[in-house]
>>> print(open('my_file-v1.txt').read())   # compact mmCIF, C-alpha atoms and all ligand atoms
# COMPACT_ATOMS: atom_id res chain seq x y z
CA MET A 1 -1.09 10.61 34.60
CA ASN A 2 -4.24 12.64 34.85
CA PHE A 3 -6.07 15.08 32.69
CA GLN A 4 -4.69 18.09 34.54
CA ARG A 5 -1.50 17.72 32.60
CA TYR A 6 -3.30 18.82 29.46
CA ASN A 7 -3.96 22.27 30.92
CA GLN A 8 -0.88 23.68 29.31
CA SER A 9 -0.71 27.12 27.79
CA THR A 10 -0.25 27.53 24.05
CA VAL A 11 3.02 29.27 24.71
CA GLU A 12 4.36 26.29 26.63
CA LYS A 13 3.22 23.96 23.87
CA GLU A 14 5.00 26.01 21.25
CA LYS A 15 8.19 25.99 23.27
CA ILE A 16 8.11 22.20 23.51
CA THR A 17 7.42 21.83 19.80
CA ALA A 18 10.27 24.18 18.99
CA ARG A 19 12.66 22.24 21.20
CA LEU A 20 11.74 18.91 19.62
CA ALA A 21 12.45 20.32 16.16
CA VAL A 22 16.12 20.64 17.17
CA TRP A 23 18.24 17.50 17.23
CA PRO A 24 19.19 16.23 19.69
CA PRO A 25 16.38 17.23 22.04
CA PRO A 26 17.30 18.01 25.66
CA ALA A 27 16.11 14.70 27.07
CA PHE A 28 15.81 11.08 26.04
CA ASN A 29 14.67 7.82 27.59
CA VAL A 30 16.62 4.62 27.92
CA MET A 31 15.00 1.31 28.78
CA ALA A 32 17.48 -0.96 30.55
CA LYS A 33 17.64 -4.72 30.04
CA PRO A 34 19.96 -5.79 32.87
CA ARG A 35 19.21 -9.51 32.34
CA GLY A 36 18.91 -9.20 28.55
CA ALA A 37 16.34 -11.54 27.06
CA ILE A 38 16.37 -13.99 29.98
CA CYS A 39 12.97 -14.73 31.48
CA ASN A 40 11.40 -17.34 33.73
CA LEU A 41 8.37 -17.51 31.41
CA GLU A 42 7.88 -18.31 27.74
CA CYS A 43 4.92 -16.25 26.58
CA ALA A 44 3.92 -17.25 23.08
CA TYR A 45 4.09 -13.77 21.58
CA CYS A 46 7.19 -12.50 23.38
CA TYR A 47 9.24 -10.34 21.00
CA TYR A 48 12.33 -10.38 23.18
CA LEU A 49 13.19 -14.02 24.02
CA LYS A 50 14.72 -14.52 20.57
CA LYS A 51 17.17 -11.67 21.21
CA ALA A 52 19.27 -14.03 23.35
CA SER A 53 20.75 -15.33 20.08
CA MET A 54 22.55 -11.99 19.62
CA TYR A 55 24.83 -12.74 22.58
CA PRO A 56 25.70 -16.46 22.29
CA LYS A 57 28.41 -16.56 24.99
CA SER A 58 26.92 -14.12 27.46
CA ASP A 59 25.83 -14.74 31.04
CA PHE A 60 23.17 -12.05 30.46
CA ARG A 61 23.93 -10.11 33.63
CA MET A 62 24.67 -6.40 33.66
CA SER A 63 27.92 -5.97 35.58
CA ALA A 64 28.37 -3.40 38.35
CA GLU A 65 30.79 -1.58 36.03
CA VAL A 66 28.25 -1.27 33.21
CA LEU A 67 25.51 -0.34 35.68
CA GLU A 68 27.57 2.48 37.18
CA ASN A 69 28.67 3.75 33.75
CA PHE A 70 25.09 3.63 32.46
CA THR A 71 23.74 5.43 35.54
CA ARG A 72 26.34 8.18 35.41
CA GLN A 73 26.05 8.81 31.68
CA TYR A 74 22.26 8.60 31.58
CA ILE A 75 21.86 11.16 34.36
CA GLN A 76 24.59 13.46 33.04
CA SER A 77 23.26 13.34 29.44
CA GLN A 78 19.92 14.91 30.36
CA ARG A 79 19.53 18.65 29.92
CA VAL A 80 16.33 18.64 31.97
CA PRO A 81 16.12 18.20 35.77
CA GLN A 82 14.39 14.84 35.64
CA VAL A 83 15.28 11.34 34.51
CA THR A 84 13.40 8.04 34.58
CA PHE A 85 15.10 4.67 34.74
CA VAL A 86 12.90 2.05 33.09
CA TRP A 87 13.87 -1.55 33.90
CA GLN A 88 12.63 -4.25 31.59
CA GLY A 89 13.61 -7.51 30.01
CA GLY A 90 13.30 -10.41 29.72
CA GLU A 91 12.42 -10.40 33.36
CA PRO A 92 14.45 -7.74 35.22
CA THR A 93 13.76 -9.13 38.70
CA LEU A 94 15.88 -12.16 37.77
CA MET A 95 18.88 -9.89 38.48
CA GLY A 96 18.02 -10.17 42.18
CA LEU A 97 17.32 -7.46 44.71
CA ASP A 98 20.98 -6.67 45.43
CA PHE A 99 21.48 -5.44 41.86
CA PHE A 100 18.68 -2.93 42.26
CA LYS A 101 19.93 -1.83 45.68
CA GLN A 102 23.26 -1.15 44.00
CA ALA A 103 21.45 0.76 41.24
CA MET A 104 19.80 3.00 43.85
CA GLY A 105 23.23 3.68 45.34
CA PHE A 106 24.64 4.74 41.95
CA GLN A 107 21.61 6.94 41.30
CA ARG A 108 22.15 8.73 44.62
CA LYS A 109 25.86 9.09 43.82
CA TYR A 110 25.36 10.75 40.41
CA ALA A 111 22.09 12.68 40.74
CA GLY A 112 23.05 16.24 41.49
CA PRO A 113 20.95 18.62 43.55
CA GLY A 114 17.72 19.48 41.78
CA MET A 115 17.75 16.31 39.61
CA ARG A 116 14.64 14.21 40.11
CA VAL A 117 15.26 10.50 39.53
CA GLU A 118 12.37 8.09 39.04
CA ASN A 119 12.24 4.35 38.50
CA ALA A 120 9.74 2.19 36.66
CA LEU A 121 9.99 -1.57 36.29
CA GLN A 122 8.03 -3.85 33.97
CA THR A 123 7.60 -7.39 35.28
CA ASN A 124 5.54 -10.49 34.60
CA GLY A 125 4.65 -10.36 38.30
CA THR A 126 5.42 -14.01 39.08
CA THR A 127 8.65 -13.48 41.04
CA LEU A 128 7.47 -10.84 43.50
CA ASP A 129 7.61 -11.36 47.25
CA ASP A 130 7.44 -9.18 50.35
CA ASP A 131 11.09 -8.14 50.07
CA TRP A 132 10.69 -6.95 46.48
CA CYS A 133 7.51 -5.06 47.25
CA ALA A 134 8.96 -3.39 50.36
CA PHE A 135 11.95 -2.31 48.22
CA PHE A 136 9.67 -0.92 45.49
CA LYS A 137 7.68 1.04 48.04
CA GLU A 138 10.73 2.37 49.80
CA ASN A 139 12.25 3.56 46.52
CA ASN A 140 9.01 4.81 44.99
CA PHE A 141 9.07 2.49 41.97
CA LEU A 142 6.18 2.44 39.50
CA ILE A 143 5.56 -1.19 38.62
CA GLY A 144 4.05 -2.34 35.33
CA ILE A 145 2.42 -5.77 35.44
CA SER A 146 1.81 -7.72 32.26
CA MET A 147 -1.69 -9.19 32.34
CA ASP A 148 -3.96 -9.96 29.40
CA GLY A 149 -7.33 -10.31 31.14
CA PRO A 150 -9.18 -12.97 33.16
CA ALA A 151 -7.57 -16.41 33.58
CA HIS A 152 -8.77 -18.06 30.36
CA LEU A 153 -7.62 -15.11 28.23
CA HIS A 154 -4.40 -14.44 30.15
CA ASN A 155 -3.25 -18.06 30.24
CA PHE A 156 -3.74 -18.54 26.51
CA MET A 157 -0.42 -16.83 25.71
CA ARG A 158 1.26 -16.09 29.04
CA ARG A 159 2.72 -19.41 30.13
CA ASP A 160 5.80 -20.65 31.96
CA LYS A 161 8.53 -22.77 30.42
CA GLY A 162 6.59 -25.94 31.24
CA GLY A 163 3.52 -24.61 29.43
CA ALA A 164 1.48 -23.86 32.56
CA GLY A 165 -0.65 -20.72 32.76
CA THR A 166 0.65 -17.96 35.04
CA PHE A 167 -2.59 -16.24 36.04
CA GLU A 168 -2.62 -17.31 39.70
CA LYS A 169 1.00 -16.29 40.25
CA VAL A 170 0.42 -12.88 38.69
CA MET A 171 -2.64 -12.33 40.88
CA ALA A 172 -0.52 -13.25 43.93
CA GLY A 173 2.10 -10.71 42.83
CA LEU A 174 -0.58 -8.06 42.44
CA ALA A 175 -1.89 -8.80 45.94
CA LEU A 176 1.61 -8.23 47.33
CA LEU A 177 1.97 -4.94 45.48
CA LYS A 178 -1.36 -3.79 46.93
CA LYS A 179 -0.40 -4.98 50.43
CA HIS A 180 2.73 -2.80 50.29
CA HIS A 181 0.90 0.12 48.61
CA VAL A 182 3.20 0.03 45.58
CA ALA A 183 2.03 2.11 42.59
CA PHE A 184 1.30 -0.16 39.65
CA ASN A 185 -0.28 -0.18 36.23
CA ILE A 186 -1.34 -2.96 33.89
CA LEU A 187 0.12 -3.61 30.48
CA ALA A 188 -2.35 -5.78 28.57
CA SER A 189 -1.36 -7.21 25.22
CA VAL A 190 -4.10 -7.48 22.62
CA HIS A 191 -3.78 -10.56 20.45
CA ALA A 192 -5.76 -13.22 18.63
CA ALA A 193 -6.95 -14.84 21.86
CA ASN A 194 -8.42 -11.80 23.61
CA MET A 195 -9.17 -9.38 20.75
CA ASP A 196 -12.83 -10.41 20.59
CA HIS A 197 -13.38 -9.78 24.31
CA PRO A 198 -12.71 -6.09 25.00
CA LEU A 199 -15.21 -5.68 27.82
CA ASP A 200 -14.23 -8.93 29.52
CA VAL A 201 -10.64 -7.71 29.56
CA TYR A 202 -11.41 -4.13 30.58
CA ARG A 203 -13.97 -4.93 33.27
CA PHE A 204 -11.71 -7.58 34.74
CA LEU A 205 -8.76 -5.19 34.98
CA ARG A 206 -10.94 -2.38 36.34
CA ASP A 207 -13.12 -4.37 38.75
CA GLU A 208 -11.15 -7.47 39.76
CA VAL A 209 -7.58 -6.22 39.53
CA GLY A 210 -8.65 -2.73 40.61
CA THR A 211 -6.14 -0.87 38.48
CA GLU A 212 -6.60 2.77 37.53
CA PHE A 213 -3.94 2.78 34.79
CA ILE A 214 -4.04 0.50 31.75
CA GLN A 215 -1.93 0.31 28.61
CA PHE A 216 -3.12 -1.79 25.70
CA ILE A 217 -0.36 -3.07 23.44
CA PRO A 218 -1.33 -4.61 20.09
CA ILE A 219 0.65 -7.72 19.22
CA VAL A 220 1.82 -7.48 15.61
CA GLU A 221 4.48 -10.11 15.23
CA ARG A 222 6.51 -10.69 12.08
CA ALA A 223 7.28 -14.33 11.39
CA ASN A 224 11.06 -14.74 11.44
CA LYS A 225 13.47 -16.77 13.53
CA LYS A 226 15.44 -13.88 15.05
CA GLY A 227 12.47 -11.75 16.06
CA GLU A 228 13.67 -8.98 13.73
CA GLN A 229 11.61 -6.40 11.87
CA ARG A 230 12.07 -8.17 8.55
CA GLY A 231 9.53 -9.80 6.25
CA ASN A 232 5.87 -9.05 5.85
CA ILE A 233 4.27 -12.25 7.10
CA ILE A 234 2.39 -11.67 10.33
CA THR A 235 1.85 -14.56 12.75
CA HIS A 236 -1.57 -15.98 13.52
CA ARG A 237 -1.15 -14.91 17.15
CA SER A 238 -1.26 -11.24 16.18
CA VAL A 239 -4.30 -8.99 16.47
CA ASN A 240 -5.66 -7.81 13.14
CA GLY A 241 -6.42 -4.18 12.34
CA LYS A 242 -10.19 -4.49 12.23
CA GLN A 243 -10.36 -6.34 15.53
CA TYR A 244 -7.97 -3.95 17.25
CA GLY A 245 -10.20 -1.06 16.27
CA GLU A 246 -13.28 -2.85 17.55
CA PHE A 247 -11.46 -3.78 20.75
CA LEU A 248 -10.53 -0.16 21.47
CA ILE A 249 -13.97 1.15 20.49
CA GLY A 250 -15.71 -1.39 22.73
CA ILE A 251 -13.67 -0.24 25.71
CA PHE A 252 -13.86 3.46 24.84
CA ASP A 253 -17.67 3.37 24.79
CA GLU A 254 -17.72 1.92 28.30
CA TRP A 255 -14.98 4.23 29.58
CA VAL A 256 -16.50 7.45 28.25
CA ARG A 257 -19.83 6.67 29.93
CA TYR A 258 -18.59 5.55 33.33
CA ASP A 259 -14.87 5.92 33.95
CA VAL A 260 -13.48 9.25 32.71
CA GLY A 261 -11.25 10.66 35.45
CA LYS A 262 -11.32 7.34 37.34
CA VAL A 263 -9.53 4.93 35.01
CA TYR A 264 -6.66 6.12 32.81
CA VAL A 265 -6.27 4.21 29.59
CA GLN A 266 -3.04 5.30 27.97
CA ILE A 267 -4.29 5.42 24.38
CA PHE A 268 -7.37 7.48 25.36
CA ASP A 269 -5.17 9.83 27.38
CA ALA A 270 -2.78 10.21 24.43
CA ALA A 271 -5.68 10.77 22.02
CA LEU A 272 -7.15 13.57 24.14
CA ALA A 273 -3.76 15.25 24.11
CA LYS A 274 -3.79 15.08 20.30
CA TRP A 275 -7.25 16.67 20.18
CA MET A 276 -5.79 19.39 22.42
CA GLY A 277 -3.06 19.99 19.86
CA GLN A 278 -0.36 18.45 22.03
CA THR A 279 2.12 15.65 21.38
CA GLY A 280 0.47 13.00 23.56
CA GLY A 281 3.54 11.24 24.91
CA LEU A 282 2.94 7.91 23.15
CA CYS A 283 5.75 7.23 20.70
CA ILE A 284 3.68 5.19 18.25
CA PHE A 285 1.50 8.24 17.54
CA ALA A 286 4.28 10.82 17.53
CA GLU A 287 5.30 12.43 14.25
CA THR A 288 8.86 11.21 14.62
CA CYS A 289 10.56 8.83 17.03
CA GLY A 290 14.12 8.26 18.18
CA THR A 291 14.05 9.40 21.81
CA ALA A 292 13.29 6.02 23.42
CA LEU A 293 16.42 3.85 23.35
CA VAL A 294 17.41 0.53 24.85
CA ILE A 295 20.54 -0.51 26.69
CA GLU A 296 21.35 -4.20 26.72
CA HIS A 297 23.09 -5.95 29.65
CA ASN A 298 26.59 -5.42 28.15
CA GLY A 299 26.20 -1.69 27.48
CA ASP A 300 25.12 -1.92 23.83
CA LEU A 301 22.76 0.93 22.98
CA PHE A 302 19.98 0.44 20.40
CA SER A 303 17.58 2.77 18.60
CA CYS A 304 14.38 1.37 20.14
CA ASP A 305 13.04 -1.56 22.15
CA HIS A 306 11.49 -2.97 18.97
CA TYR A 307 14.71 -2.61 16.99
CA VAL A 308 17.21 -4.47 19.15
CA GLU A 309 19.04 -6.03 16.24
CA PRO A 310 22.52 -5.51 14.77
CA ARG A 311 21.37 -2.97 12.14
CA TYR A 312 20.11 -0.63 14.85
CA ARG A 313 22.98 -0.91 17.32
CA LEU A 314 24.32 2.60 17.96
CA GLY A 315 27.42 1.49 19.86
CA ASN A 316 28.53 0.50 23.35
CA ILE A 317 28.61 3.02 26.20
CA SER A 318 31.98 1.74 27.42
CA ARG A 319 33.58 2.90 24.16
CA ALA A 320 31.46 5.94 23.23
CA GLY A 321 29.51 8.57 25.12
CA MET A 322 25.82 7.84 25.52
CA ALA A 323 24.86 11.43 24.66
CA ASP A 324 26.93 11.21 21.46
CA LEU A 325 25.34 7.91 20.46
CA PHE A 326 21.89 9.34 21.08
CA GLY A 327 22.70 12.55 19.19
CA SER A 328 24.23 10.65 16.25
CA HIS A 329 23.13 11.06 12.66
CA LYS A 330 22.12 7.40 12.66
CA GLN A 331 19.65 7.87 15.50
CA HIS A 332 18.35 11.14 14.10
CA LYS A 333 17.71 9.42 10.78
CA PHE A 334 15.99 6.53 12.56
CA GLY A 335 13.63 9.01 14.22
CA LEU A 336 12.90 11.01 11.08
CA ASN A 337 12.30 7.90 9.01
CA LYS A 338 8.96 7.48 10.74
CA LYS A 339 7.68 10.64 9.11
CA ASP A 340 9.68 10.45 5.89
CA SER A 341 8.46 6.96 5.03
CA LEU A 342 4.74 7.70 5.37
CA PRO A 343 2.76 6.56 2.33
CA ARG A 344 0.64 9.14 0.48
CA TYR A 345 -2.44 7.35 1.79
CA CYS A 346 -1.51 8.42 5.33
CA LEU A 347 -0.64 11.96 4.27
CA ASN A 348 -4.21 12.33 3.01
CA CYS A 349 -5.83 10.67 6.02
CA GLU A 350 -8.26 12.69 8.16
CA VAL A 351 -6.78 11.26 11.39
CA LEU A 352 -3.12 11.69 10.51
CA PHE A 353 -2.81 14.31 13.27
CA ALA A 354 -3.62 11.61 15.86
CA CYS A 355 -2.13 8.51 14.25
CA ASN A 356 0.93 9.63 12.30
CA GLY A 357 0.96 6.24 10.62
CA GLY A 358 1.59 4.30 13.84
CA CYS A 359 4.83 2.50 14.69
CA PRO A 360 7.16 1.80 11.76
CA LYS A 361 7.61 -1.79 12.96
CA ASP A 362 3.98 -2.45 12.02
CA ARG A 363 4.11 -0.90 8.54
CA VAL A 364 3.99 -4.06 6.47
CA LYS A 365 1.05 -3.55 4.15
CA HIS A 366 0.35 -1.97 0.79
CA THR A 367 -2.10 0.92 0.54
CA PRO A 368 -5.19 0.48 -1.67
CA ASP A 369 -3.29 2.23 -4.46
CA GLY A 370 -0.33 -0.13 -4.14
CA GLU A 371 2.24 1.90 -2.16
CA PHE A 372 4.13 -0.10 0.43
CA GLY A 373 4.41 0.97 4.06
CA LEU A 374 0.89 1.10 5.43
CA ASN A 375 0.42 0.10 9.05
CA TYR A 376 -0.96 -3.40 9.61
CA LEU A 377 -3.40 -1.86 12.13
CA CYS A 378 -4.52 1.01 9.87
CA GLU A 379 -8.11 -0.11 9.52
CA GLY A 380 -8.48 -0.24 13.29
CA TYR A 381 -6.68 3.02 14.00
CA ARG A 382 -8.79 4.86 11.45
CA ALA A 383 -12.05 3.45 12.76
CA PHE A 384 -11.07 4.15 16.36
CA PHE A 385 -9.92 7.74 15.87
CA ASN A 386 -12.99 8.59 13.81
CA HIS A 387 -15.26 6.95 16.37
CA ILE A 388 -13.87 8.89 19.33
CA ASP A 389 -13.79 12.24 17.49
CA PRO A 390 -17.14 13.62 18.82
CA ALA A 391 -16.36 12.69 22.42
CA MET A 392 -12.82 14.01 22.15
CA ARG A 393 -14.13 17.35 20.90
CA VAL A 394 -16.51 17.56 23.85
CA MET A 395 -13.74 16.79 26.35
CA ARG A 396 -11.38 19.22 24.61
CA ASP A 397 -14.02 21.96 24.86
CA LEU A 398 -14.68 21.16 28.53
CA ILE A 399 -10.99 21.55 29.30
CA HIS A 400 -10.87 24.84 27.38
CA GLN A 401 -13.78 26.02 29.54
CA GLN A 402 -11.79 25.05 32.67
CA GLN A 403 -14.19 22.20 33.38
CA PRO A 404 -13.24 18.58 34.11
CA PRO A 405 -13.45 16.32 31.05
CA ALA A 406 -15.27 13.81 33.30
CA LYS A 407 -18.34 16.03 32.87
CA ILE A 408 -18.83 14.30 29.52
CA MET A 409 -20.37 11.40 31.47
CA ASP A 410 -23.20 13.68 32.67
CA LEU A 411 -23.70 15.00 29.15
CA ILE A 412 -23.97 11.49 27.75
CA ALA A 413 -26.40 10.41 30.48
CA ALA A 414 -28.69 13.44 30.04
CA PRO A 415 -32.04 12.62 28.38
CA GLY A 416 -31.96 13.35 24.67
CA SER A 417 -28.19 13.77 24.59
CA ILE A 418 -26.81 13.77 21.09
CA LEU A 419 -23.94 11.71 22.49
CA GLN A 420 -26.24 9.09 23.98
CA THR A 421 -26.47 6.49 21.23
CA ASP A 422 -23.86 3.88 20.48
CA GLY A 423 -21.33 5.20 18.06
CA LEU A 424 -21.26 8.67 19.64
CA PRO A 425 -22.20 10.59 16.48
CA VAL A 426 -20.71 13.93 15.56
CA PRO A 427 -22.56 16.72 17.41
CA ALA A 428 -24.73 18.96 15.22
CA GLY A 429 -22.83 21.72 13.47
CA GLU A 430 -19.49 19.95 13.69
CA SER A 431 -17.68 17.92 11.11
CA HIS A 432 -14.58 15.81 11.30
CA SER A 433 -11.59 17.90 10.38
CA LYS A 434 -7.93 17.23 9.92
CA ASN A 435 -6.94 19.35 12.88
CA PRO A 436 -9.65 19.52 15.54
CA SER A 437 -7.40 21.42 17.93
CA VAL A 438 -7.79 24.58 15.87
CA ASP A 439 -11.44 24.60 14.87
S1 LIG A 501 9.96 2.51 16.27
FE1 LIG A 501 7.88 2.34 17.13
S2 LIG A 501 8.16 1.70 19.28
FE2 LIG A 501 10.13 2.50 18.51
S3 LIG A 501 10.15 4.66 19.12
FE3 LIG A 501 9.36 4.55 17.00
S4 LIG A 501 7.14 4.46 17.23
FE4 LIG A 501 8.03 3.96 19.23
S1 LIG A 502 -5.28 5.68 10.20
FE1 LIG A 502 -4.20 4.53 8.60
S2 LIG A 502 -4.11 5.94 6.86
FE2 LIG A 502 -4.59 7.16 8.69
S3 LIG A 502 -2.57 7.86 9.40
FE3 LIG A 502 -3.08 5.97 10.51
S4 LIG A 502 -2.11 4.31 9.37
FE4 LIG A 502 -2.20 6.12 8.02
>>> encode(input="my_file-v1.txt", output="structure tokens", more="lines below")
Ligand code: SF4
Ligand code: SF4
Amino acid sequence: MNFQRYNQSTVEKEKITARLAVWPPPAFNVMAKPRGAICNLECAYCYYLKKASMYPKSDFRMSAEVLENFTRQYIQSQRVPQVTFVWQGGEPTLMGLDFFKQAMGFQRKYAGPGMRVENALQTNGTTLDDDWCAFFKENNFLIGISMDGPAHLHNFMRRDKGGAGTFEKVMAGLALLKKHHVAFNILASVHAANMDHPLDVYRFLRDEVGTEFIQFIPIVERANKKGEQRGNIITHRSVNGKQYGEFLIGIFDEWVRYDVGKVYVQIFDAALAKWMGQTGGLCIFAETCGTALVIEHNGDLFSCDHYVEPRYRLGNISRAGMADLFGSHKQHKFGLNKKDSLPRYCLNCEVLFACNGGCPKDRVKHTPDGEFGLNYLCEGYRAFFNHIDPAMRVMRDLIHQQQPPAKIMDLIAAPGSILQTDGLPVPAGESHSKNPSVD
């Protein structure tokens, strides 16, 4: 990702918007779980370990037959010349290298001329060795490493089955990725243990890990035995809305002064796209969802990674076509529900254009006027989006003037800059509006 991708003409934007209004859209994403919920670690907040109970007699290994069927259908279902295979878990590397070599063979077999196939794999980083990293490099994988900050913050939640912290092993995995020049990014969860330390986390990832791409994922975990999206009690491990907002703001204020164009933080990237009047590419802030599915090890297809539970099973790809399951009324309804279930409080919110009420899985609160369905992180989202508004407008205007958004760092550093103080106030003559892309 880089900011160049926001230099899209209005006409192109309108075409994309028009296409997305038609169901099913021409492309969709499927995250594959070849080893199901099986993992070598037992991170305290993991939302997926409990999913093993859905398949009590399974060996949790995607067979060659399911892999080939998945690969063929996934490639052939796309009506665009590009497809990305996203491997996740559990821990996907527990399938072993031969499984992924076989996957590459099937991809070559079914990708027609002109079809670009990409692979991304999310791992806890503790199982990597030279063979894995050489394979990733050779096959151009993008690797996501889960890391929550420096050792004392990372080890608080990310532990192995014996309860030992995993920091050193993850750092060793990162060193191997760097040695083999494998492209990687960091996925950092934000939770009760690290939410008060935004700069410790950010500076560690930027300076010690040396990553240029960071995703922050808020942990909002409902307390129930099956890990389902039921009930409204949130665990003590979760981040709270206020702290999540302060966490993001703390990092944004550092990033916008020193790191624009050097470090790509997914939520900042997505926000700038929103201020440009574009969709942003982050499902939690999209108006509707439904285009990011999950395939379990046995071929079961589900509506979303956070809804792998019987109610949201679309079917199995050995008995129904993947494109038909994706295009089904059930999945369409799942996607639309995000917009249709918004409380009035969100509909009247000044940052609705950027937030869209956040992910439905986190909508467990009542609004101040008593309507159910407000996002648990609302307070933080609202504070964050309002806080970044002045800087986003400046970067939006720079892009419109064909200038790099990184120039904002010079503007902030200039003596007397109206953007210089903490809090980045609204520049004179501007006011927060509901749609800054058209003012
Ligand atoms: S339910 Fe949440 S995580 Fe799933 S696609 Fe929708 S916004 Fe994204
Ligand atoms: S900030 Fe809060 S009120 Fe505004 S759209 Fe997001 S969840 Fe709704």
>>> residues_around(input="my_file-v1.txt", residues="region 256-269 of chain A", least_positions_apart="3", cutoff="10 Å", atoms="all atoms listed in the file", output="ChimeraX atom specification")
/A:1-4,6,185-187,202,206,210-217,248,251-253,272-274,280-282,285,385,388,391-392,395,404-413,419-420,424
>>> atom_distance(input="my_file-v1.txt", atom1="CA of Asn356 (chain A)", atom2="CA of Glu379 (chain A)")
13.6 Å
>>> residues_near_ligand(input="my_file-v1.txt", ligand="ligand LIG 502 (chain A)", cutoff="7 Å", atoms="only C-alpha atoms and all ligand atoms", output="PyMOL selection string")
chain A and resi 345-347+349-352+355-358+374-375+377-379+381-382
>>> residues_near_ligand(input="my_file-v1.txt", ligand="ligand LIG 501 (chain A)", cutoff="10 Å", atoms="all atoms listed in the file", output="MDAnalysis selection string")
chainID A and resid 282:294 303:308 334:338 356:363
>>> atom_distance(input="my_file-v1.txt", atom1="CA of Met157 (chain A)", atom2="CA of Ile145 (chain A)")
15.0 Å
>>> atom_distance(input="my_file-v1.txt", atom1="CA of Gly162 (chain A)", atom2="CA of Val190 (chain A)")
23.0 Å
>>> closest_residue(input="my_file-v1.txt", among="A:Arg396, A:Arg79, A:Arg61, A:His191", to="Ala32 (chain A)", atoms="only C-alpha atoms")
A:Arg61
>>> closest_residue(input="my_file-v1.txt", among="A:Gln243, A:Gln102, A:Asn232, A:Asn119", to="Trp87 (chain A)", atoms="all atoms listed in the file")
A:Asn119
>>> residues_around(input="my_file-v1.txt", residues="Lys33 (chain A)", least_positions_apart="5", cutoff="7 Å", atoms="only C-alpha atoms", output="ChimeraX atom specification")
/A:87-89,92,295-297
>>> closest_residue(input="my_file-v1.txt", among="A:Arg72, A:Arg35, A:His387, A:Lys178", to="Phe99 (chain A)", atoms="all atoms listed in the file")
A:Arg35
>>> residues_around(input="my_file-v1.txt", residues="Ile38 (chain A)", least_positions_apart="6", cutoff="7 Å", atoms="only C-alpha atoms", output="list in words")
Leu49, Gly90 and Glu91 of chain A
>>> closest_residue(input="my_file-v1.txt", among="A:Ala52, A:Met31, A:Gly112, A:Pro24", to="His329 (chain A)", atoms="all atoms listed in the file")
A:Pro24
>>> closest_residue(input="my_file-v1.txt", among="A:Gly277, A:Asn298, A:Ala270, A:Ala320", to="Lys57 (chain A)", atoms="only C-alpha atoms")
A:Asn298
>>> closest_residue(input="my_file-v1.txt", among="A:Gln401, A:Asn386, A:Ser328, A:Thr127", to="Leu176 (chain A)", atoms="all atoms listed in the file")
A:Thr127
>>> build_atoms(input="my_file-v1.txt", residues="region 66-77 of chain A", atoms="N, CA and C atoms", output="PDB file, keeping the file's coordinate frame")
ATOM      1  N   VAL A  66      29.163  -1.796  34.238  1.00  0.00           N
ATOM      2  CA  VAL A  66      28.250  -1.270  33.210  1.00  0.00           C
ATOM      3  C   VAL A  66      27.116  -0.494  33.874  1.00  0.00           C
ATOM      4  N   LEU A  67      26.612  -1.025  34.975  1.00  0.00           N
ATOM      5  CA  LEU A  67      25.510  -0.340  35.680  1.00  0.00           C
ATOM      6  C   LEU A  67      25.932   1.057  36.117  1.00  0.00           C
ATOM      7  N   GLU A  68      27.115   1.166  36.702  1.00  0.00           N
ATOM      8  CA  GLU A  68      27.570   2.480  37.180  1.00  0.00           C
ATOM      9  C   GLU A  68      27.792   3.435  35.991  1.00  0.00           C
ATOM     10  N   ASN A  69      28.409   2.926  34.938  1.00  0.00           N
ATOM     11  CA  ASN A  69      28.670   3.750  33.750  1.00  0.00           C
ATOM     12  C   ASN A  69      27.348   4.225  33.130  1.00  0.00           C
ATOM     13  N   PHE A  70      26.417   3.300  33.002  1.00  0.00           N
ATOM     14  CA  PHE A  70      25.090   3.630  32.460  1.00  0.00           C
ATOM     15  C   PHE A  70      24.420   4.712  33.321  1.00  0.00           C
ATOM     16  N   THR A  71      24.427   4.494  34.634  1.00  0.00           N
ATOM     17  CA  THR A  71      23.740   5.430  35.540  1.00  0.00           C
ATOM     18  C   THR A  71      24.349   6.825  35.434  1.00  0.00           C
ATOM     19  N   ARG A  72      25.661   6.884  35.471  1.00  0.00           N
ATOM     20  CA  ARG A  72      26.340   8.180  35.410  1.00  0.00           C
ATOM     21  C   ARG A  72      26.047   8.895  34.087  1.00  0.00           C
ATOM     22  N   GLN A  73      26.228   8.162  32.980  1.00  0.00           N
ATOM     23  CA  GLN A  73      26.050   8.810  31.680  1.00  0.00           C
ATOM     24  C   GLN A  73      24.591   9.193  31.422  1.00  0.00           C
ATOM     25  N   TYR A  74      23.688   8.326  31.837  1.00  0.00           N
ATOM     26  CA  TYR A  74      22.260   8.600  31.580  1.00  0.00           C
ATOM     27  C   TYR A  74      21.823   9.862  32.320  1.00  0.00           C
ATOM     28  N   ILE A  75      22.227   9.971  33.584  1.00  0.00           N
ATOM     29  CA  ILE A  75      21.860  11.160  34.360  1.00  0.00           C
ATOM     30  C   ILE A  75      22.542  12.400  33.782  1.00  0.00           C
ATOM     31  N   GLN A  76      23.832  12.267  33.486  1.00  0.00           N
ATOM     32  CA  GLN A  76      24.590  13.460  33.040  1.00  0.00           C
ATOM     33  C   GLN A  76      24.243  13.883  31.613  1.00  0.00           C
ATOM     34  N   SER A  77      23.617  12.993  30.831  1.00  0.00           N
ATOM     35  CA  SER A  77      23.260  13.340  29.440  1.00  0.00           C
ATOM     36  C   SER A  77      22.000  14.185  29.359  1.00  0.00           C
TER      37      SER A  77
END
